[in-house]
$ cat work-v8.tsv   # TSV, N, CA and C atoms
chain	number	residue	atom	x	y	z
A	2	MET	N	0.84	-1.19	0.00
A	2	MET	CA	0.00	0.00	0.00
A	2	MET	C	0.88	1.24	0.00
A	3	PHE	N	1.56	1.52	-1.03
A	3	PHE	CA	2.42	2.69	-1.22
A	3	PHE	C	3.58	2.72	-0.23
A	4	GLY	N	3.98	1.59	0.32
A	4	GLY	CA	5.08	1.55	1.26
A	4	GLY	C	4.72	2.08	2.63
A	5	ILE	N	3.42	2.21	2.92
A	5	ILE	CA	2.99	2.70	4.22
A	5	ILE	C	2.61	1.50	5.06
A	6	GLY	N	3.29	1.34	6.18
A	6	GLY	CA	3.00	0.23	7.07
A	6	GLY	C	1.98	0.65	8.12
A	7	MET	N	1.70	-0.27	9.03
A	7	MET	CA	0.71	0.00	10.07
A	7	MET	C	1.13	1.14	10.99
A	8	PRO	N	2.40	1.22	11.45
A	8	PRO	CA	2.77	2.35	12.33
A	8	PRO	C	2.60	3.71	11.65
A	9	GLU	N	2.96	3.79	10.36
A	9	GLU	CA	2.82	5.06	9.65
A	9	GLU	C	1.35	5.43	9.49
A	10	LEU	N	0.52	4.45	9.21
A	10	LEU	CA	-0.91	4.70	9.04
A	10	LEU	C	-1.53	5.19	10.34
A	11	ILE	N	-1.14	4.60	11.46
A	11	ILE	CA	-1.66	5.04	12.76
A	11	ILE	C	-1.21	6.46	13.05
A	12	LEU	N	0.03	6.78	12.73
A	12	LEU	CA	0.54	8.13	12.94
A	12	LEU	C	-0.25	9.14	12.10
A	13	ILE	N	-0.53	8.80	10.85
A	13	ILE	CA	-1.31	9.70	9.99
A	13	ILE	C	-2.70	9.91	10.56
A	14	LEU	N	-3.33	8.84	11.04
A	14	LEU	CA	-4.68	8.96	11.61
A	14	LEU	C	-4.67	9.81	12.88
A	15	VAL	N	-3.65	9.66	13.72
A	15	VAL	CA	-3.56	10.47	14.94
A	15	VAL	C	-3.38	11.94	14.60
A	16	VAL	N	-2.51	12.24	13.64
A	16	VAL	CA	-2.29	13.63	13.22
A	16	VAL	C	-3.58	14.20	12.63
A	17	ALA	N	-4.29	13.41	11.82
A	17	ALA	CA	-5.55	13.88	11.24
A	17	ALA	C	-6.57	14.13	12.33
A	18	LEU	N	-6.62	13.29	13.34
A	18	LEU	CA	-7.55	13.47	14.45
A	18	LEU	C	-7.26	14.75	15.21
A	19	ILE	N	-5.95	15.03	15.40
A	19	ILE	CA	-5.56	16.24	16.13
A	19	ILE	C	-5.86	17.49	15.29
A	20	VAL	N	-5.50	17.46	14.01
A	20	VAL	CA	-5.65	18.65	13.16
A	20	VAL	C	-7.11	18.91	12.82
A	21	ILE	N	-7.84	17.90	12.40
A	21	ILE	CA	-9.22	18.09	11.93
A	21	ILE	C	-10.20	18.11	13.09
A	22	GLY	N	-9.98	17.28	14.07
A	22	GLY	CA	-10.88	17.21	15.22
A	22	GLY	C	-11.79	16.02	15.12
A	23	PRO	N	-12.25	15.54	16.26
A	23	PRO	CA	-13.07	14.33	16.27
A	23	PRO	C	-14.46	14.51	15.67
A	24	LYS	N	-14.96	15.73	15.61
A	24	LYS	CA	-16.31	15.94	15.07
A	24	LYS	C	-16.34	15.90	13.55
A	25	LYS	N	-15.31	16.44	12.92
A	25	LYS	CA	-15.29	16.53	11.46
A	25	LYS	C	-14.62	15.33	10.79
A	26	LEU	N	-13.89	14.52	11.55
A	26	LEU	CA	-13.15	13.39	10.96
A	26	LEU	C	-14.05	12.36	10.28
A	27	PRO	N	-15.20	11.95	10.86
A	27	PRO	CA	-16.06	10.99	10.14
A	27	PRO	C	-16.61	11.55	8.83
A	28	ASP	N	-16.97	12.84	8.83
A	28	ASP	CA	-17.47	13.45	7.59
A	28	ASP	C	-16.39	13.50	6.53
A	29	LEU	N	-15.16	13.80	6.95
A	29	LEU	CA	-14.05	13.82	6.01
A	29	LEU	C	-13.79	12.43	5.45
A	30	GLY	N	-13.88	11.40	6.28
A	30	GLY	CA	-13.71	10.02	5.83
A	30	GLY	C	-14.75	9.62	4.81
A	31	LYS	N	-16.01	10.01	5.07
A	31	LYS	CA	-17.09	9.70	4.12
A	31	LYS	C	-16.85	10.36	2.77
A	32	SER	N	-16.52	11.64	2.81
A	32	SER	CA	-16.33	12.36	1.55
A	32	SER	C	-15.10	11.83	0.81
A	33	LEU	N	-14.06	11.47	1.54
A	33	LEU	CA	-12.87	10.90	0.91
A	33	LEU	C	-13.19	9.54	0.28
A	34	GLY	N	-13.96	8.72	0.98
A	34	GLY	CA	-14.37	7.43	0.43
A	34	GLY	C	-15.22	7.57	-0.82
A	35	ARG	N	-16.13	8.53	-0.81
A	35	ARG	CA	-16.97	8.78	-1.99
A	35	ARG	C	-16.12	9.25	-3.16
A	36	ALA	N	-15.16	10.14	-2.88
A	36	ALA	CA	-14.30	10.65	-3.95
A	36	ALA	C	-13.48	9.53	-4.57
A	37	ILE	N	-12.95	8.64	-3.75
A	37	ILE	CA	-12.16	7.51	-4.27
A	37	ILE	C	-13.06	6.59	-5.10
A	38	GLY	N	-14.29	6.34	-4.62
A	38	GLY	CA	-15.23	5.51	-5.37
A	38	GLY	C	-15.58	6.10	-6.72
A	39	GLU	N	-15.82	7.41	-6.75
A	39	GLU	CA	-16.12	8.07	-8.02
A	39	GLU	C	-14.93	8.04	-8.97
A	40	PHE	N	-13.74	8.19	-8.42
A	40	PHE	CA	-12.53	8.13	-9.25
A	40	PHE	C	-12.37	6.75	-9.87
A	41	ARG	N	-12.59	5.71	-9.08
A	41	ARG	CA	-12.50	4.34	-9.61
A	41	ARG	C	-13.56	4.11	-10.68
A	42	LYS	N	-14.75	4.59	-10.44
A	42	LYS	CA	-15.84	4.43	-11.42
A	42	LYS	C	-15.48	5.14	-12.73
A	43	ALA	N	-14.94	6.35	-12.62
A	43	ALA	CA	-14.58	7.11	-13.82
A	43	ALA	C	-13.45	6.41	-14.58
A	44	THR	N	-12.47	5.88	-13.88
A	44	THR	CA	-11.38	5.20	-14.58
A	44	THR	C	-11.87	3.91	-15.24
A	45	THR	N	-12.80	3.22	-14.60
A	45	THR	CA	-13.36	2.01	-15.20
A	45	THR	C	-14.13	2.35	-16.47
A	46	GLU	N	-14.92	3.39	-16.41
A	46	GLU	CA	-15.68	3.81	-17.60
A	46	GLU	C	-14.73	4.24	-18.72
A	47	LEU	N	-13.66	4.93	-18.37
A	47	LEU	CA	-12.69	5.37	-19.37
A	47	LEU	C	-12.01	4.17	-20.01
A	48	LYS	N	-11.65	3.18	-19.20
A	48	LYS	CA	-11.03	1.97	-19.75
A	48	LYS	C	-11.98	1.24	-20.69
A	49	GLU	N	-13.24	1.14	-20.29
A	49	GLU	CA	-14.21	0.45	-21.14
A	49	GLU	C	-14.42	1.20	-22.45
A	50	SER	N	-14.47	2.51	-22.40
A	50	SER	CA	-14.69	3.28	-23.62
A	50	SER	C	-13.49	3.20	-24.57
A	51	MET	N	-12.30	3.07	-24.03
A	51	MET	CA	-11.11	3.00	-24.87
A	51	MET	C	-10.75	1.57	-25.25
A	52	GLY	N	-11.40	0.60	-24.63
A	52	GLY	CA	-11.11	-0.79	-24.93
A	52	GLY	C	-9.82	-1.30	-24.33
A	53	ILE	N	-9.43	-0.70	-23.23
A	53	ILE	CA	-8.17	-1.09	-22.59
A	53	ILE	C	-8.30	-2.47	-21.95
A	54	ASP	N	-9.49	-2.83	-21.50
A	54	ASP	CA	-9.68	-4.13	-20.85
A	54	ASP	C	-9.33	-5.27	-21.80
A	55	THR	N	-9.73	-5.14	-23.07
A	55	THR	CA	-9.43	-6.21	-24.01
A	55	THR	C	-7.93	-6.31	-24.27
A	56	VAL	N	-7.27	-5.16	-24.35
A	56	VAL	CA	-5.82	-5.15	-24.55
A	56	VAL	C	-5.14	-5.76	-23.33
A	57	ASP	N	-5.65	-5.44	-22.15
A	57	ASP	CA	-5.08	-5.96	-20.92
A	57	ASP	C	-5.19	-7.48	-20.85
A	58	THR	N	-6.33	-8.02	-21.23
A	58	THR	CA	-6.49	-9.48	-21.21
A	58	THR	C	-5.62	-10.15	-22.27
A	59	GLU	N	-5.49	-9.50	-23.42
A	59	GLU	CA	-4.63	-10.05	-24.47
A	59	GLU	C	-3.17	-10.07	-24.01
A	60	LEU	N	-2.74	-9.02	-23.34
A	60	LEU	CA	-1.38	-8.98	-22.83
A	60	LEU	C	-1.15	-10.06	-21.77
A	61	ARG	N	-2.14	-10.30	-20.93
A	61	ARG	CA	-2.02	-11.38	-19.93
A	61	ARG	C	-1.87	-12.73	-20.63
A	62	GLU	N	-2.64	-12.95	-21.69
A	62	GLU	CA	-2.54	-14.21	-22.42
A	62	GLU	C	-1.16	-14.38	-23.05
A	63	VAL	N	-0.63	-13.32	-23.63
A	63	VAL	CA	0.70	-13.38	-24.24
A	63	VAL	C	1.76	-13.63	-23.17
A	64	ARG	N	1.63	-12.93	-22.03
A	64	ARG	CA	2.58	-13.11	-20.94
A	64	ARG	C	2.54	-14.55	-20.43
A	65	LYS	N	1.35	-15.12	-20.31
A	65	LYS	CA	1.21	-16.50	-19.86
A	65	LYS	C	1.84	-17.46	-20.86
A	66	ALA	N	1.63	-17.21	-22.15
A	66	ALA	CA	2.22	-18.07	-23.17
A	66	ALA	C	3.75	-18.04	-23.10
A	67	PHE	N	4.31	-16.86	-22.91
A	67	PHE	CA	5.77	-16.75	-22.82
A	67	PHE	C	6.29	-17.42	-21.55
A	68	SER	N	5.59	-17.27	-20.46
A	68	SER	CA	6.06	-17.92	-19.22
A	68	SER	C	5.96	-19.43	-19.35
A	69	ASP	N	4.92	-19.94	-20.03
A	69	ASP	CA	4.81	-21.38	-20.26
A	69	ASP	C	5.97	-21.88	-21.12
A	70	MET	N	6.29	-21.12	-22.18
A	70	MET	CA	7.41	-21.51	-23.03
A	70	MET	C	8.72	-21.48	-22.24
A	71	ASN	N	8.88	-20.48	-21.38
A	71	ASN	CA	10.08	-20.38	-20.57
A	71	ASN	C	10.20	-21.57	-19.64
A	72	ASN	N	9.10	-21.96	-19.02
A	72	ASN	CA	9.12	-23.12	-18.13
A	72	ASN	C	9.42	-24.40	-18.90
A	73	ASP	N	8.86	-24.53	-20.10
A	73	ASP	CA	9.13	-25.71	-20.92
A	73	ASP	C	10.59	-25.79	-21.32
A	74	MET	N	11.22	-24.64	-21.53
A	74	MET	CA	12.64	-24.62	-21.91
A	74	MET	C	13.53	-24.93	-20.71
A	75	LYS	N	13.11	-24.53	-19.52
A	75	LYS	CA	13.93	-24.74	-18.33
A	75	LYS	C	13.94	-26.20	-17.90
A	76	LYS	N	12.86	-26.92	-18.11
A	76	LYS	CA	12.77	-28.31	-17.65
A	76	LYS	C	13.89	-29.19	-18.20
A	77	PRO	N	14.13	-29.22	-19.52
A	77	PRO	CA	15.22	-30.07	-20.01
A	77	PRO	C	16.60	-29.63	-19.49
A	78	ILE	N	16.79	-28.36	-19.34
A	78	ILE	CA	18.07	-27.86	-18.85
A	78	ILE	C	18.28	-28.29	-17.40
A	79	GLU	N	17.23	-28.19	-16.58
A	79	GLU	CA	17.33	-28.60	-15.19
A	79	GLU	C	17.56	-30.10	-15.09
A	80	MET	N	16.87	-30.87	-15.94
A	80	MET	CA	17.04	-32.32	-15.92
A	80	MET	C	18.47	-32.70	-16.29
A	81	LYS	N	19.03	-31.99	-17.29
A	81	LYS	CA	20.40	-32.27	-17.71
A	81	LYS	C	21.39	-31.93	-16.60
A	82	SER	N	21.20	-30.80	-15.95
A	82	SER	CA	22.11	-30.41	-14.89
A	82	SER	C	21.99	-31.35	-13.70
A	83	GLU	N	20.79	-31.86	-13.42
A	83	GLU	CA	20.63	-32.82	-12.33
A	83	GLU	C	21.35	-34.13	-12.65
A	84	SER	N	21.26	-34.57	-13.89
A	84	SER	CA	21.94	-35.82	-14.25
A	84	SER	C	23.46	-35.64	-14.21
A	85	GLU	N	23.94	-34.47	-14.58
A	85	GLU	CA	25.38	-34.20	-14.50
A	85	GLU	C	25.82	-34.15	-13.04
A	86	ASN	N	24.97	-33.62	-12.18
A	86	ASN	CA	25.32	-33.56	-10.76
A	86	ASN	C	25.37	-34.96	-10.16
A	87	LYS	N	24.51	-35.84	-10.62
A	87	LYS	CA	24.51	-37.20	-10.10
A	87	LYS	C	25.76	-37.96	-10.53
A	88	THR	N	26.19	-37.72	-11.77
A	88	THR	CA	27.38	-38.45	-12.25
A	88	THR	C	28.65	-37.90	-11.64
A	89	SER	N	28.70	-36.64	-11.32
A	89	SER	CA	29.91	-36.06	-10.73
A	89	SER	C	29.63	-35.67	-9.29
A	90	ALA	N	29.26	-36.64	-8.47
A	90	ALA	CA	28.94	-36.37	-7.07
A	90	ALA	C	30.19	-36.09	-6.26
A	91	VAL	N	31.33	-36.62	-6.68
A	91	VAL	CA	32.57	-36.43	-5.95
A	91	VAL	C	33.32	-35.27	-6.59
A	92	SER	N	33.69	-34.30	-5.77
A	92	SER	CA	34.47	-33.19	-6.31
A	92	SER	C	35.95	-33.55	-6.21
A	93	VAL	N	36.64	-33.35	-7.30
A	93	VAL	CA	38.05	-33.70	-7.39
A	93	VAL	C	38.84	-32.41	-7.47
A	94	PRO	N	39.85	-32.26	-6.61
A	94	PRO	CA	40.68	-31.05	-6.69
A	94	PRO	C	41.43	-30.99	-8.01
A	95	PRO	N	41.75	-29.79	-8.47
A	95	PRO	CA	42.48	-29.66	-9.73
A	95	PRO	C	43.82	-30.40	-9.66
A	96	GLY	N	44.15	-31.08	-10.73
A	96	GLY	CA	45.41	-31.81	-10.81
A	96	GLY	C	45.31	-33.25	-10.32
A	97	GLU	N	44.25	-33.59	-9.62
A	97	GLU	CA	44.08	-34.94	-9.08
A	97	GLU	C	43.28	-35.82	-10.02
A	98	GLU	N	42.77	-35.25	-11.12
A	98	GLU	CA	41.96	-36.03	-12.05
A	98	GLU	C	42.75	-37.19	-12.65
A	99	LYS	N	44.03	-36.94	-12.97
A	99	LYS	CA	44.86	-38.00	-13.58
A	99	LYS	C	45.04	-39.15	-12.60
A	100	ASN	N	45.30	-38.83	-11.33
A	100	ASN	CA	45.47	-39.87	-10.32
A	100	ASN	C	44.18	-40.67	-10.15
A	101	LEU	N	43.06	-39.99	-10.19
A	101	LEU	CA	41.78	-40.67	-10.05
A	101	LEU	C	41.52	-41.59	-11.22
A	102	LEU	N	41.85	-41.13	-12.44
A	102	LEU	CA	41.66	-41.97	-13.62
A	102	LEU	C	42.57	-43.20	-13.55
A	103	LYS	N	43.81	-43.03	-13.11
A	103	LYS	CA	44.73	-44.16	-12.98
A	103	LYS	C	44.20	-45.17	-11.97
A	104	ALA	N	43.65	-44.67	-10.86
A	104	ALA	CA	43.11	-45.55	-9.83
A	104	ALA	C	41.90	-46.31	-10.37
A	105	GLU	N	41.06	-45.64	-11.14
A	105	GLU	CA	39.89	-46.32	-11.71
A	105	GLU	C	40.31	-47.40	-12.71
A	106	LYS	N	41.34	-47.09	-13.50
A	106	LYS	CA	41.82	-48.07	-14.48
A	106	LYS	C	42.42	-49.28	-13.77
A	107	SER	N	43.19	-49.02	-12.73
A	107	SER	CA	43.80	-50.14	-12.02
A	107	SER	C	42.75	-50.98	-11.31
A	108	GLU	N	41.67	-50.38	-10.82
A	108	GLU	CA	40.59	-51.14	-10.21
A	108	GLU	C	39.86	-51.96	-11.25
A	109	GLY	N	39.69	-51.41	-12.43
A	109	GLY	CA	39.04	-52.12	-13.52
A	109	GLY	C	39.85	-53.32	-13.96
A	110	ILE	N	41.17	-53.19	-13.96
A	110	ILE	CA	42.05	-54.32	-14.33
A	110	ILE	C	42.03	-55.36	-13.23
A	111	ALA	N	42.01	-54.94	-11.98
A	111	ALA	CA	42.03	-55.88	-10.85
A	111	ALA	C	40.73	-56.68	-10.81
A	112	GLU	N	39.60	-56.09	-11.19
A	112	GLU	CA	38.32	-56.79	-11.16
A	112	GLU	C	38.25	-57.85	-12.24
A	113	LYS	N	38.94	-57.65	-13.35
A	113	LYS	CA	38.88	-58.59	-14.46
A	113	LYS	C	39.67	-59.78	-14.09
$ encode --input "work-v8.tsv" --output "structure tokens"
Amino acid sequence: MFGIGMPELILILVVALIVIGPKKLPDLGKSLGRAIGEFRKATTELKESMGIDTVDTELREVRKAFSDMNNDMKKPIEMKSESENKTSAVSVPPGEEKNLLKAEKSEGIAEK
């Protein structure tokens, strides 16, 4: 709500109560609520007359299609990276790869 939290809102209400007074504050709230309602009504009518609602729904559909395509593209990549992580579960320090390969070869010869 515009970055206003509960403490700030309470502070604004207390200041309004002090400045305006307890007698006029409910009337001010009513008129402010009516003004906001009329503003929303006017913007809705303006959107309907300009056809913005249809454009808005079309944009949502396009956005959904792109996000679906993005998710479909990520799945194979994630599956590939998971399979690579499973095959290389042991991290080998640099330079030790040759020793590890020699050990694997010698184990393979010993098993035969």
$ atom_distance --input "work-v8.tsv" --atom1 "atom C of Lys65 in chain A" --atom2 "atom N of Lys48 in chain A"
24.7 Å
$ atom_distance --input "work-v8.tsv" --atom1 "atom N of Leu12 in chain A" --atom2 "atom C of Ser32 in chain A"
19.9 Å
$ atom_distance --input "work-v8.tsv" --atom1 "CA of Lys75 in chain A" --atom2 "CA of Glu59 in chain A"
24.5 Å
$ select_by_dssp --input "work-v8.tsv" --residues "range 5-41 of chain A" --states "alpha helix (DSSP H)" --output "PDB file with N, CA and C atoms, keeping the file's coordinate frame"
ATOM      1  N   MET A   7       1.700  -0.270   9.030  1.00  0.00           N
ATOM      2  CA  MET A   7       0.710   0.000  10.070  1.00  0.00           C
ATOM      3  C   MET A   7       1.130   1.140  10.990  1.00  0.00           C
ATOM      4  N   PRO A   8       2.400   1.220  11.450  1.00  0.00           N
ATOM      5  CA  PRO A   8       2.770   2.350  12.330  1.00  0.00           C
ATOM      6  C   PRO A   8       2.600   3.710  11.650  1.00  0.00           C
ATOM      7  N   GLU A   9       2.960   3.790  10.360  1.00  0.00           N
ATOM      8  CA  GLU A   9       2.820   5.060   9.650  1.00  0.00           C
ATOM      9  C   GLU A   9       1.350   5.430   9.490  1.00  0.00           C
ATOM     10  N   LEU A  10       0.520   4.450   9.210  1.00  0.00           N
ATOM     11  CA  LEU A  10      -0.910   4.700   9.040  1.00  0.00           C
ATOM     12  C   LEU A  10      -1.530   5.190  10.340  1.00  0.00           C
ATOM     13  N   ILE A  11      -1.140   4.600  11.460  1.00  0.00           N
ATOM     14  CA  ILE A  11      -1.660   5.040  12.760  1.00  0.00           C
ATOM     15  C   ILE A  11      -1.210   6.460  13.050  1.00  0.00           C
ATOM     16  N   LEU A  12       0.030   6.780  12.730  1.00  0.00           N
ATOM     17  CA  LEU A  12       0.540   8.130  12.940  1.00  0.00           C
ATOM     18  C   LEU A  12      -0.250   9.140  12.100  1.00  0.00           C
ATOM     19  N   ILE A  13      -0.530   8.800  10.850  1.00  0.00           N
ATOM     20  CA  ILE A  13      -1.310   9.700   9.990  1.00  0.00           C
ATOM     21  C   ILE A  13      -2.700   9.910  10.560  1.00  0.00           C
ATOM     22  N   LEU A  14      -3.330   8.840  11.040  1.00  0.00           N
ATOM     23  CA  LEU A  14      -4.680   8.960  11.610  1.00  0.00           C
ATOM     24  C   LEU A  14      -4.670   9.810  12.880  1.00  0.00           C
ATOM     25  N   VAL A  15      -3.650   9.660  13.720  1.00  0.00           N
ATOM     26  CA  VAL A  15      -3.560  10.470  14.940  1.00  0.00           C
ATOM     27  C   VAL A  15      -3.380  11.940  14.600  1.00  0.00           C
ATOM     28  N   VAL A  16      -2.510  12.240  13.640  1.00  0.00           N
ATOM     29  CA  VAL A  16      -2.290  13.630  13.220  1.00  0.00           C
ATOM     30  C   VAL A  16      -3.580  14.200  12.630  1.00  0.00           C
ATOM     31  N   ALA A  17      -4.290  13.410  11.820  1.00  0.00           N
ATOM     32  CA  ALA A  17      -5.550  13.880  11.240  1.00  0.00           C
ATOM     33  C   ALA A  17      -6.570  14.130  12.330  1.00  0.00           C
ATOM     34  N   LEU A  18      -6.620  13.290  13.340  1.00  0.00           N
ATOM     35  CA  LEU A  18      -7.550  13.470  14.450  1.00  0.00           C
ATOM     36  C   LEU A  18      -7.260  14.750  15.210  1.00  0.00           C
ATOM     37  N   ILE A  19      -5.950  15.030  15.400  1.00  0.00           N
ATOM     38  CA  ILE A  19      -5.560  16.240  16.130  1.00  0.00           C
ATOM     39  C   ILE A  19      -5.860  17.490  15.290  1.00  0.00           C
ATOM     40  N   VAL A  20      -5.500  17.460  14.010  1.00  0.00           N
ATOM     41  CA  VAL A  20      -5.650  18.650  13.160  1.00  0.00           C
ATOM     42  C   VAL A  20      -7.110  18.910  12.820  1.00  0.00           C
ATOM     43  N   ILE A  21      -7.840  17.900  12.400  1.00  0.00           N
ATOM     44  CA  ILE A  21      -9.220  18.090  11.930  1.00  0.00           C
ATOM     45  C   ILE A  21     -10.200  18.110  13.090  1.00  0.00           C
ATOM     46  N   LEU A  26     -13.890  14.520  11.550  1.00  0.00           N
ATOM     47  CA  LEU A  26     -13.150  13.390  10.960  1.00  0.00           C
ATOM     48  C   LEU A  26     -14.050  12.360  10.280  1.00  0.00           C
ATOM     49  N   PRO A  27     -15.200  11.950  10.860  1.00  0.00           N
ATOM     50  CA  PRO A  27     -16.060  10.990  10.140  1.00  0.00           C
ATOM     51  C   PRO A  27     -16.610  11.550   8.830  1.00  0.00           C
ATOM     52  N   ASP A  28     -16.970  12.840   8.830  1.00  0.00           N
ATOM     53  CA  ASP A  28     -17.470  13.450   7.590  1.00  0.00           C
ATOM     54  C   ASP A  28     -16.390  13.500   6.530  1.00  0.00           C
ATOM     55  N   LEU A  29     -15.160  13.800   6.950  1.00  0.00           N
ATOM     56  CA  LEU A  29     -14.050  13.820   6.010  1.00  0.00           C
ATOM     57  C   LEU A  29     -13.790  12.430   5.450  1.00  0.00           C
ATOM     58  N   GLY A  30     -13.880  11.400   6.280  1.00  0.00           N
ATOM     59  CA  GLY A  30     -13.710  10.020   5.830  1.00  0.00           C
ATOM     60  C   GLY A  30     -14.750   9.620   4.810  1.00  0.00           C
ATOM     61  N   LYS A  31     -16.010  10.010   5.070  1.00  0.00           N
ATOM     62  CA  LYS A  31     -17.090   9.700   4.120  1.00  0.00           C
ATOM     63  C   LYS A  31     -16.850  10.360   2.770  1.00  0.00           C
ATOM     64  N   SER A  32     -16.520  11.640   2.810  1.00  0.00           N
ATOM     65  CA  SER A  32     -16.330  12.360   1.550  1.00  0.00           C
ATOM     66  C   SER A  32     -15.100  11.830   0.810  1.00  0.00           C
ATOM     67  N   LEU A  33     -14.060  11.470   1.540  1.00  0.00           N
ATOM     68  CA  LEU A  33     -12.870  10.900   0.910  1.00  0.00           C
ATOM     69  C   LEU A  33     -13.190   9.540   0.280  1.00  0.00           C
ATOM     70  N   GLY A  34     -13.960   8.720   0.980  1.00  0.00           N
ATOM     71  CA  GLY A  34     -14.370   7.430   0.430  1.00  0.00           C
ATOM     72  C   GLY A  34     -15.220   7.570  -0.820  1.00  0.00           C
ATOM     73  N   ARG A  35     -16.130   8.530  -0.810  1.00  0.00           N
ATOM     74  CA  ARG A  35     -16.970   8.780  -1.990  1.00  0.00           C
ATOM     75  C   ARG A  35     -16.120   9.250  -3.160  1.00  0.00           C
ATOM     76  N   ALA A  36     -15.160  10.140  -2.880  1.00  0.00           N
ATOM     77  CA  ALA A  36     -14.300  10.650  -3.950  1.00  0.00           C
ATOM     78  C   ALA A  36     -13.480   9.530  -4.570  1.00  0.00           C
ATOM     79  N   ILE A  37     -12.950   8.640  -3.750  1.00  0.00           N
ATOM     80  CA  ILE A  37     -12.160   7.510  -4.270  1.00  0.00           C
ATOM     81  C   ILE A  37     -13.060   6.590  -5.100  1.00  0.00           C
ATOM     82  N   GLY A  38     -14.290   6.340  -4.620  1.00  0.00           N
ATOM     83  CA  GLY A  38     -15.230   5.510  -5.370  1.00  0.00           C
ATOM     84  C   GLY A  38     -15.580   6.100  -6.720  1.00  0.00           C
ATOM     85  N   GLU A  39     -15.820   7.410  -6.750  1.00  0.00           N
ATOM     86  CA  GLU A  39     -16.120   8.070  -8.020  1.00  0.00           C
ATOM     87  C   GLU A  39     -14.930   8.040  -8.970  1.00  0.00           C
ATOM     88  N   PHE A  40     -13.740   8.190  -8.420  1.00  0.00           N
ATOM     89  CA  PHE A  40     -12.530   8.130  -9.250  1.00  0.00           C
ATOM     90  C   PHE A  40     -12.370   6.750  -9.870  1.00  0.00           C
ATOM     91  N   ARG A  41     -12.590   5.710  -9.080  1.00  0.00           N
ATOM     92  CA  ARG A  41     -12.500   4.340  -9.610  1.00  0.00           C
ATOM     93  C   ARG A  41     -13.560   4.110 -10.680  1.00  0.00           C
TER      94      ARG A  41
END
$ decode --input "work-v8.tsv" --residues "range 4-46 of chain A" --atoms "C-alpha atoms" --output "compact mmCIF listing (two decimals), in the first residue's frame"
# COMPACT_ATOMS: atom_id res chain seq x y z
CA GLY A 4 5.08 1.55 1.26
CA ILE A 5 2.99 2.70 4.22
CA GLY A 6 3.00 0.23 7.07
CA MET A 7 0.71 0.00 10.07
CA PRO A 8 2.77 2.35 12.33
CA GLU A 9 2.82 5.06 9.65
CA LEU A 10 -0.91 4.70 9.04
CA ILE A 11 -1.66 5.04 12.76
CA LEU A 12 0.54 8.13 12.94
CA ILE A 13 -1.31 9.70 9.99
CA LEU A 14 -4.68 8.96 11.61
CA VAL A 15 -3.56 10.47 14.94
CA VAL A 16 -2.29 13.63 13.22
CA ALA A 17 -5.55 13.88 11.24
CA LEU A 18 -7.55 13.47 14.45
CA ILE A 19 -5.56 16.24 16.13
CA VAL A 20 -5.65 18.65 13.16
CA ILE A 21 -9.22 18.09 11.93
CA GLY A 22 -10.88 17.21 15.22
CA PRO A 23 -13.07 14.33 16.27
CA LYS A 24 -16.31 15.94 15.07
CA LYS A 25 -15.29 16.53 11.46
CA LEU A 26 -13.15 13.39 10.96
CA PRO A 27 -16.06 10.99 10.14
CA ASP A 28 -17.47 13.45 7.59
CA LEU A 29 -14.05 13.82 6.01
CA GLY A 30 -13.71 10.02 5.83
CA LYS A 31 -17.09 9.70 4.12
CA SER A 32 -16.33 12.36 1.55
CA LEU A 33 -12.87 10.90 0.91
CA GLY A 34 -14.37 7.43 0.43
CA ARG A 35 -16.97 8.78 -1.99
CA ALA A 36 -14.30 10.65 -3.95
CA ILE A 37 -12.16 7.51 -4.27
CA GLY A 38 -15.23 5.51 -5.37
CA GLU A 39 -16.12 8.07 -8.02
CA PHE A 40 -12.53 8.13 -9.25
CA ARG A 41 -12.50 4.34 -9.61
CA LYS A 42 -15.84 4.43 -11.42
CA ALA A 43 -14.58 7.11 -13.82
CA THR A 44 -11.38 5.20 -14.58
CA THR A 45 -13.36 2.01 -15.20
CA GLU A 46 -15.68 3.81 -17.60
